[in-house]
Amino acid sequence: MVAPAEIPPLVQVRDLHVSFRTGDRIIRAVNGVDFDLVPRETLCILGESGSGKSVLLRSLMRLNPPRRTTVSGSLQVCGLDVEHASDNELSDLRGGAVSMIFQEPLTAFDPVFTIGRQISETIVRHDRVSWSEASRRALDLLELVQIPSAKQRLSMYPGELSGGLRQRAMIAMALSCRPQLLLADEPTTALDATVQIQVLVLLRRLQQELGMAMIFVTHDIGVATEIADRVAVMYAGRFVEEGPIGAFVAAPMHPYATGLLAATVNAAARDIRLKAIPGAPPDPSRLPPGCAFEPRCEFAIDACKTGVPELRNLASGRSIRCIRVGAAP
Amino acid sequence: MLLYLIRRVLYALPIALAVSFVCFLLVHIAPGDPISSIVPPDAPPEVVEQVRVEYGLDKPIIVQFGIWLLHILGGDFGKSLMTGRSVAQELSSAVGNTVILGLTAAIPAFTIACVLGALAAWWRDGWIDRIVGSVSIAAVSTPHYWLGIVLVITFSVFMQWLPAMGAPPGAASEWRFEWDHIRFLVLPAITLAIIPIGIVTRSVRGIVGDILNQDFIVTLGAKGLHNRTIVLHVIKNAAPTTLTVLGLQFGHLIGGSIMVETVFAWPGTGFLLNNAIFQRDIPLLQGTVLILSIFFVTLNLAVDLLQTLLDPRIRRHPGQ
Ligand SMILES: Nc1ncnc2c1ncn2[C@@H]1O[C@H](COP(=O)(O)OP(=O)(O)OP(=O)(O)O)[C@@H](O)[C@H]1O
Ligand SMILES: [Mg+2]
């Protein structure tokens, strides 16, 4: 990949914190995330359920519920300061330069509008073309994502399509205004294994053809190796390890990342003993003062309990948030 | 689709038949011998017997029902004992009056309630929501007769702006949308509308709130759609359920008119029904109850069909 210094980044996130007020509790979903993404690059975000992956992705488009959400840090997406942008600037960005694919295509479509109408309305909104022109383009898009008998599907309701076709239609909708950045929140998790691979291959091909950058959330390392340039492992709202996918899969460094890799079936297939990480992630409304993984970590020492470790950049282009790695092991 | 429509109408027929049988039975369920309300108490037994045969009261009940039904289908509801005019005549003017009152109450009330409920849901937990919430609870718990009396005392007795009761000459038959006519409707319409306003507001808030909580609303935002387009999506999603609520509430509203028409002496079906009950005017009572019941059966059917028509998912595969 191209070094970040040469091309201005498409996404620049600095010290991002996102929390929600619910009743009397404050849920700290994202607790200091930094990263850059350059055009055409794919970053995979890996992590357990509840680690804040979706919240992070949504905050890139300011899609978290506005009245309950507190955001701090800086967020530049496609040249827009997302947190301080006006509603108009933001809605021009959404679905235009940046678009999103959701995990569950059934609930992400409006059930009472046809697929064609839902794709067309995005095109009409951003490109100001006529409805007939928009629905012609919607047809092209359905063909682009290889939906069979696309013309009939245009006039179907989401409930009338299979899961795989629905997700293809969702991808078509996300691509409808040629975004520079595609945010994909576990786009294949709700699908059967064989359909998963088809959709993944399709996404990768389209990403290369259309020259998009992509942030791809998943908790499946197999999926990450298929599609990612770089990978970030998220735990309790922080990146604990970040780096190129090849180096990461070959030798994960953070104890949590090591555990995550050892807990996948892929690892088992390569004769590594399959084992689950003991314990459970911390409650996001009561995070420990030190390293969030410390209570579950077999290498923890007393120093881990005092203060959250910095994300340190290593020479190899990787970075890690653990005081024990790289220090005397 | 057409088949489905026909099937639904056919399903409604036995219900209508059962309802009319119950109406017919009213004569026999009501305490006292129906004859006693027709003939004077001191009539000689032969006369009573003659009247019994004349009215067909000596035949088996199911035969009586058959005869009665044939007459009804021919438009003959019998004669009112009270006025001597035909029940059909009494009913046609009363139905017109009730329809005018019902629509005058329902159309503005439902419009206001839908808007308020939707606003409350859109700004959930905001100040609009709190105000709308408390107002609608107050509205739901207001008794008709109490509100009617308060309104009459305020606007008729003290301020003398509006008539306390009655109808303009001719009422429905010569109805015009002019102040001289409308002013008779203001107080009864408000009284009638108050509870449905509360219920519809709360239901619409719930319906719209549920829709706004669904995932696809986030998708619409993520596509950069303007709020006005999102509102369009919400309306189309909310329409079928809201319509059901409105239909049911229109039914309740007409039911409430029995009370309200009596309080305000508005000559509609409710007023007629009340008079018929107190005067033991059995043919009139039967006719009025039958018309009201058929109205409810038809209303339910209409609501069902309209809901089907409005929901594209059901429209394409009806009856699933
Ligand atoms: N709108 C919200 N209001 C309150 N809490 C929220 C909200 N959205 C997310 N959270 C909380 O933030 C935390 C992180 O949630 P998030 O959805 O980002 O997890 P995730 O990593 O995407 O998990 P999954 O793999 O299950 O999708 C969770 O504890 C969740 O309950
Ligand atoms: Mg998620």
# chains A, B, ... in the order shown; residues from 1 in each chain; ligands from 1
>>> interface_residues(of="chain B", to="chain A", cutoff="12 Å", atoms="only C-alpha atoms", output="MDAnalysis selection string")
chainID B and resid 123:126 211:230 232:240 310:317
>>> residues_near_ligand(ligand="ligand 1", cutoff="9 Å", atoms="only C-alpha atoms and all ligand atoms", output="MDAnalysis selection string")
chainID A and resid 18:22 26:30 46:58 64:65 68:69 103 185:186 217:219 234:237 283:285
>>> atom_distance(atom1="atom CA of A:Glu41", atom2="atom CA of A:Met214")
6.3 Å
>>> select_by_dssp(residues="stretch 94-218 of chain A", states="strand (DSSP E)", output="JSON, numbers by chain")
{"A": [98, 99, 100, 101, 181, 182, 183, 184, 185, 213, 214, 215, 216, 217, 218]}
>>> write_last_selection(atoms="C-alpha atoms", output="PDB file, in the first residue's frame")
ATOM      1  CA  VAL A  98     -19.498   7.858   2.033  1.00  0.00           C
ATOM      2  CA  SER A  99     -22.020   5.074   2.209  1.00  0.00           C
ATOM      3  CA  MET A 100     -22.769   2.220   4.510  1.00  0.00           C
ATOM      4  CA  ILE A 101     -23.750  -1.429   4.246  1.00  0.00           C
ATOM      5  CA  LEU A 181     -15.484   5.366   1.113  1.00  0.00           C
ATOM      6  CA  LEU A 182     -17.596   2.339   1.861  1.00  0.00           C
ATOM      7  CA  LEU A 183     -18.390   1.472   5.457  1.00  0.00           C
ATOM      8  CA  ALA A 184     -19.406  -2.153   5.819  1.00  0.00           C
ATOM      9  CA  ASP A 185     -20.743  -3.253   9.193  1.00  0.00           C
ATOM     10  CA  ALA A 213     -11.577   2.810   0.310  1.00  0.00           C
ATOM     11  CA  MET A 214     -13.360   0.543   2.748  1.00  0.00           C
ATOM     12  CA  ILE A 215     -13.706   0.056   6.451  1.00  0.00           C
ATOM     13  CA  PHE A 216     -14.935  -3.421   7.050  1.00  0.00           C
ATOM     14  CA  VAL A 217     -16.173  -4.557  10.433  1.00  0.00           C
ATOM     15  CA  THR A 218     -16.216  -8.230  11.220  1.00  0.00           C
TER      16      THR A 218
END
>>> closest_residue(among="B:Leu253, B:Ile195, B:Ala43, B:Ala265", to="B:Met165", atoms="only C-alpha atoms")
B:Ala265
>>> closest_residue(among="A:Thr189, A:Gln12, A:Ser74, A:Ser162", to="ligand 2", atoms="only C-alpha atoms and all ligand atoms")
A:Thr189
>>> residues_around(residues="stretch 58-73 of chain B", least_positions_apart="5", cutoff="10 Å", atoms="only C-alpha atoms", output="ChimeraX atom specification")
/B:17,20-25,28,49-53,78,88,287,290
>>> atom_distance(atom1="atom CA of B:Ile112", atom2="atom CA of B:Gly133")
13.9 Å
>>> atom_distance(atom1="atom CA of B:Leu284", atom2="atom CA of B:Ser86")
8.7 Å
>>> residues_around(residues="B:Met259", least_positions_apart="2", cutoff="12 Å", atoms="only C-alpha atoms", output="PyMOL selection string")
chain B and resi 143-148+188+191-192+252-257+261-275
>>> write_last_selection(atoms="C-alpha atoms", output="compact mmCIF listing (two decimals), in the first residue's frame")
# COMPACT_ATOMS: atom_id res chain seq x y z
CA PRO B 143 -66.26 11.66 30.92
CA HIS B 144 -68.64 12.70 28.12
CA TYR B 145 -71.50 13.90 30.26
CA TRP B 146 -69.22 15.96 32.50
CA LEU B 147 -67.47 17.69 29.59
CA GLY B 148 -70.82 18.26 27.86
CA PRO B 188 -71.54 18.13 20.74
CA THR B 191 -67.61 16.49 23.49
CA LEU B 192 -67.73 13.53 21.16
CA HIS B 252 -66.20 4.30 19.42
CA LEU B 253 -67.05 7.84 18.49
CA ILE B 254 -70.37 6.81 16.98
CA GLY B 255 -70.98 4.69 20.08
CA GLY B 256 -70.33 7.77 22.21
CA SER B 257 -72.90 9.67 20.18
CA GLU B 261 -76.77 13.19 21.26
CA THR B 262 -79.02 12.71 24.24
CA VAL B 263 -77.23 15.36 26.30
CA PHE B 264 -77.40 17.88 23.45
CA ALA B 265 -80.79 16.73 22.08
CA TRP B 266 -79.21 16.24 18.65
CA PRO B 267 -81.77 14.28 16.59
CA GLY B 268 -79.48 11.46 15.45
CA THR B 269 -79.59 7.70 15.88
CA GLY B 270 -78.33 7.87 19.45
CA PHE B 271 -81.06 10.28 20.43
CA LEU B 272 -83.59 8.08 18.64
CA LEU B 273 -82.31 4.97 20.38
CA ASN B 274 -82.61 6.59 23.76
CA ASN B 275 -86.18 7.69 23.09
>>> residues_around(residues="A:Glu143", least_positions_apart="5", cutoff="10 Å", atoms="only C-alpha atoms", output="PyMOL selection string")
chain A and resi 137-138+148-151+168-169+172
>>> residues_around(residues="A:Ala228", least_positions_apart="4", cutoff="7 Å", atoms="only C-alpha atoms", output="PDB file with C-alpha atoms, in the first residue's frame")
ATOM      1  CA  THR A  42      -9.218  -1.477   3.237  1.00  0.00           C
ATOM      2  CA  LEU A  43      -9.118  -1.473   6.995  1.00  0.00           C
ATOM      3  CA  CYS A  44     -10.710  -4.368   8.803  1.00  0.00           C
ATOM      4  CA  ALA A 224     -10.475 -10.178   7.344  1.00  0.00           C
ATOM      5  CA  ILE A 245      -2.983  -8.040   7.765  1.00  0.00           C
TER       6      ILE A 245
END
>>> residues_around(residues="A:Pro252", least_positions_apart="4", cutoff="12 Å", atoms="only C-alpha atoms", output="count of residues only")
24
>>> decode(residues="stretch 37-81 of chain B", atoms="N, CA and C atoms", output="short mmCIF file (atom, residue, chain, number, x, y, z; two decimals), in the first residue's frame")
data_model
loop_
_atom_site.label_atom_id
_atom_site.label_comp_id
_atom_site.auth_asym_id
_atom_site.auth_seq_id
_atom_site.Cartn_x
_atom_site.Cartn_y
_atom_site.Cartn_z
N SER B 37 -96.99 -3.48 25.27
CA SER B 37 -96.66 -2.11 24.87
C SER B 37 -97.49 -1.68 23.66
N ILE B 38 -98.22 -2.65 23.09
CA ILE B 38 -99.03 -2.29 21.92
C ILE B 38 -100.49 -2.03 22.33
N VAL B 39 -101.02 -2.95 23.13
CA VAL B 39 -102.45 -2.83 23.50
C VAL B 39 -102.56 -2.21 24.89
N PRO B 40 -103.63 -1.51 25.13
CA PRO B 40 -103.82 -0.95 26.48
C PRO B 40 -103.93 -2.07 27.51
N PRO B 41 -103.56 -1.81 28.75
CA PRO B 41 -103.53 -2.86 29.78
C PRO B 41 -104.91 -3.48 30.04
N ASP B 42 -105.99 -2.70 29.82
CA ASP B 42 -107.31 -3.24 30.15
C ASP B 42 -108.00 -3.87 28.95
N ALA B 43 -107.26 -4.15 27.88
CA ALA B 43 -107.88 -4.72 26.69
C ALA B 43 -108.39 -6.13 26.98
N PRO B 44 -109.53 -6.48 26.39
CA PRO B 44 -110.06 -7.84 26.62
C PRO B 44 -109.16 -8.88 25.95
N PRO B 45 -109.13 -10.11 26.48
CA PRO B 45 -108.22 -11.16 25.98
C PRO B 45 -108.38 -11.43 24.49
N GLU B 46 -109.63 -11.35 23.94
CA GLU B 46 -109.78 -11.65 22.50
C GLU B 46 -108.98 -10.65 21.68
N VAL B 47 -109.04 -9.38 22.12
CA VAL B 47 -108.32 -8.34 21.38
C VAL B 47 -106.82 -8.62 21.42
N VAL B 48 -106.34 -8.96 22.63
CA VAL B 48 -104.92 -9.28 22.79
C VAL B 48 -104.54 -10.40 21.83
N GLU B 49 -105.37 -11.45 21.79
CA GLU B 49 -105.10 -12.60 20.94
C GLU B 49 -105.07 -12.18 19.46
N GLN B 50 -106.03 -11.30 19.11
CA GLN B 50 -106.12 -10.85 17.72
C GLN B 50 -104.86 -10.07 17.32
N VAL B 51 -104.42 -9.21 18.24
CA VAL B 51 -103.21 -8.42 17.97
C VAL B 51 -102.01 -9.35 17.82
N ARG B 52 -101.99 -10.38 18.71
CA ARG B 52 -100.88 -11.33 18.67
C ARG B 52 -100.78 -11.99 17.30
N VAL B 53 -101.95 -12.42 16.77
CA VAL B 53 -101.95 -13.05 15.44
C VAL B 53 -101.56 -12.03 14.37
N GLU B 54 -102.11 -10.81 14.51
CA GLU B 54 -101.86 -9.77 13.52
C GLU B 54 -100.35 -9.47 13.39
N TYR B 55 -99.69 -9.42 14.54
CA TYR B 55 -98.25 -9.12 14.53
C TYR B 55 -97.41 -10.38 14.29
N GLY B 56 -98.07 -11.50 14.13
CA GLY B 56 -97.34 -12.73 13.87
C GLY B 56 -96.67 -13.30 15.10
N LEU B 57 -97.07 -12.82 16.28
CA LEU B 57 -96.38 -13.24 17.50
C LEU B 57 -96.77 -14.65 17.95
N ASP B 58 -97.73 -15.27 17.25
CA ASP B 58 -98.14 -16.63 17.64
C ASP B 58 -97.30 -17.69 16.93
N LYS B 59 -96.52 -17.27 15.92
CA LYS B 59 -95.74 -18.25 15.15
C LYS B 59 -94.43 -18.59 15.87
N PRO B 60 -93.75 -19.72 15.45
CA PRO B 60 -92.44 -20.04 16.07
C PRO B 60 -91.45 -18.90 15.80
N ILE B 61 -90.51 -18.76 16.72
CA ILE B 61 -89.66 -17.57 16.72
C ILE B 61 -88.83 -17.46 15.43
N ILE B 62 -88.39 -18.62 14.93
CA ILE B 62 -87.52 -18.57 13.75
C ILE B 62 -88.31 -18.12 12.53
N VAL B 63 -89.59 -18.51 12.48
CA VAL B 63 -90.45 -18.07 11.39
C VAL B 63 -90.67 -16.56 11.50
N GLN B 64 -90.91 -16.11 12.73
CA GLN B 64 -91.08 -14.68 12.94
C GLN B 64 -89.86 -13.91 12.44
N PHE B 65 -88.69 -14.47 12.74
CA PHE B 65 -87.44 -13.82 12.33
C PHE B 65 -87.36 -13.73 10.81
N GLY B 66 -87.74 -14.87 10.16
CA GLY B 66 -87.70 -14.90 8.70
C GLY B 66 -88.60 -13.83 8.10
N ILE B 67 -89.81 -13.75 8.64
CA ILE B 67 -90.75 -12.74 8.13
C ILE B 67 -90.19 -11.34 8.33
N TRP B 68 -89.68 -11.13 9.53
CA TRP B 68 -89.13 -9.80 9.88
C TRP B 68 -87.99 -9.43 8.93
N LEU B 69 -87.11 -10.43 8.70
CA LEU B 69 -85.95 -10.18 7.85
C LEU B 69 -86.38 -9.83 6.43
N LEU B 70 -87.40 -10.56 5.93
CA LEU B 70 -87.89 -10.28 4.58
C LEU B 70 -88.38 -8.84 4.48
N HIS B 71 -89.10 -8.44 5.52
CA HIS B 71 -89.60 -7.06 5.52
C HIS B 71 -88.46 -6.06 5.51
N ILE B 72 -87.47 -6.32 6.37
CA ILE B 72 -86.33 -5.41 6.47
C ILE B 72 -85.63 -5.28 5.13
N LEU B 73 -85.41 -6.46 4.50
CA LEU B 73 -84.71 -6.44 3.22
C LEU B 73 -85.51 -5.65 2.19
N GLY B 74 -86.84 -5.67 2.34
CA GLY B 74 -87.68 -4.86 1.46
C GLY B 74 -87.75 -3.41 1.90
N GLY B 75 -87.01 -3.04 2.92
CA GLY B 75 -86.99 -1.65 3.38
C GLY B 75 -88.12 -1.32 4.35
N ASP B 76 -88.85 -2.34 4.79
CA ASP B 76 -89.98 -2.09 5.69
C ASP B 76 -89.57 -2.44 7.11
N PHE B 77 -89.31 -1.41 7.92
CA PHE B 77 -88.88 -1.62 9.30
C PHE B 77 -90.06 -1.56 10.27
N GLY B 78 -91.26 -1.46 9.73
CA GLY B 78 -92.42 -1.33 10.61
C GLY B 78 -92.70 0.13 10.94
N LYS B 79 -93.67 0.32 11.84
CA LYS B 79 -94.06 1.68 12.21
C LYS B 79 -93.62 1.96 13.64
N SER B 80 -93.20 3.22 13.86
CA SER B 80 -92.87 3.60 15.23
C SER B 80 -94.14 3.68 16.04
N LEU B 81 -94.13 3.10 17.24
CA LEU B 81 -95.31 3.15 18.10
C LEU B 81 -95.51 4.56 18.63
#
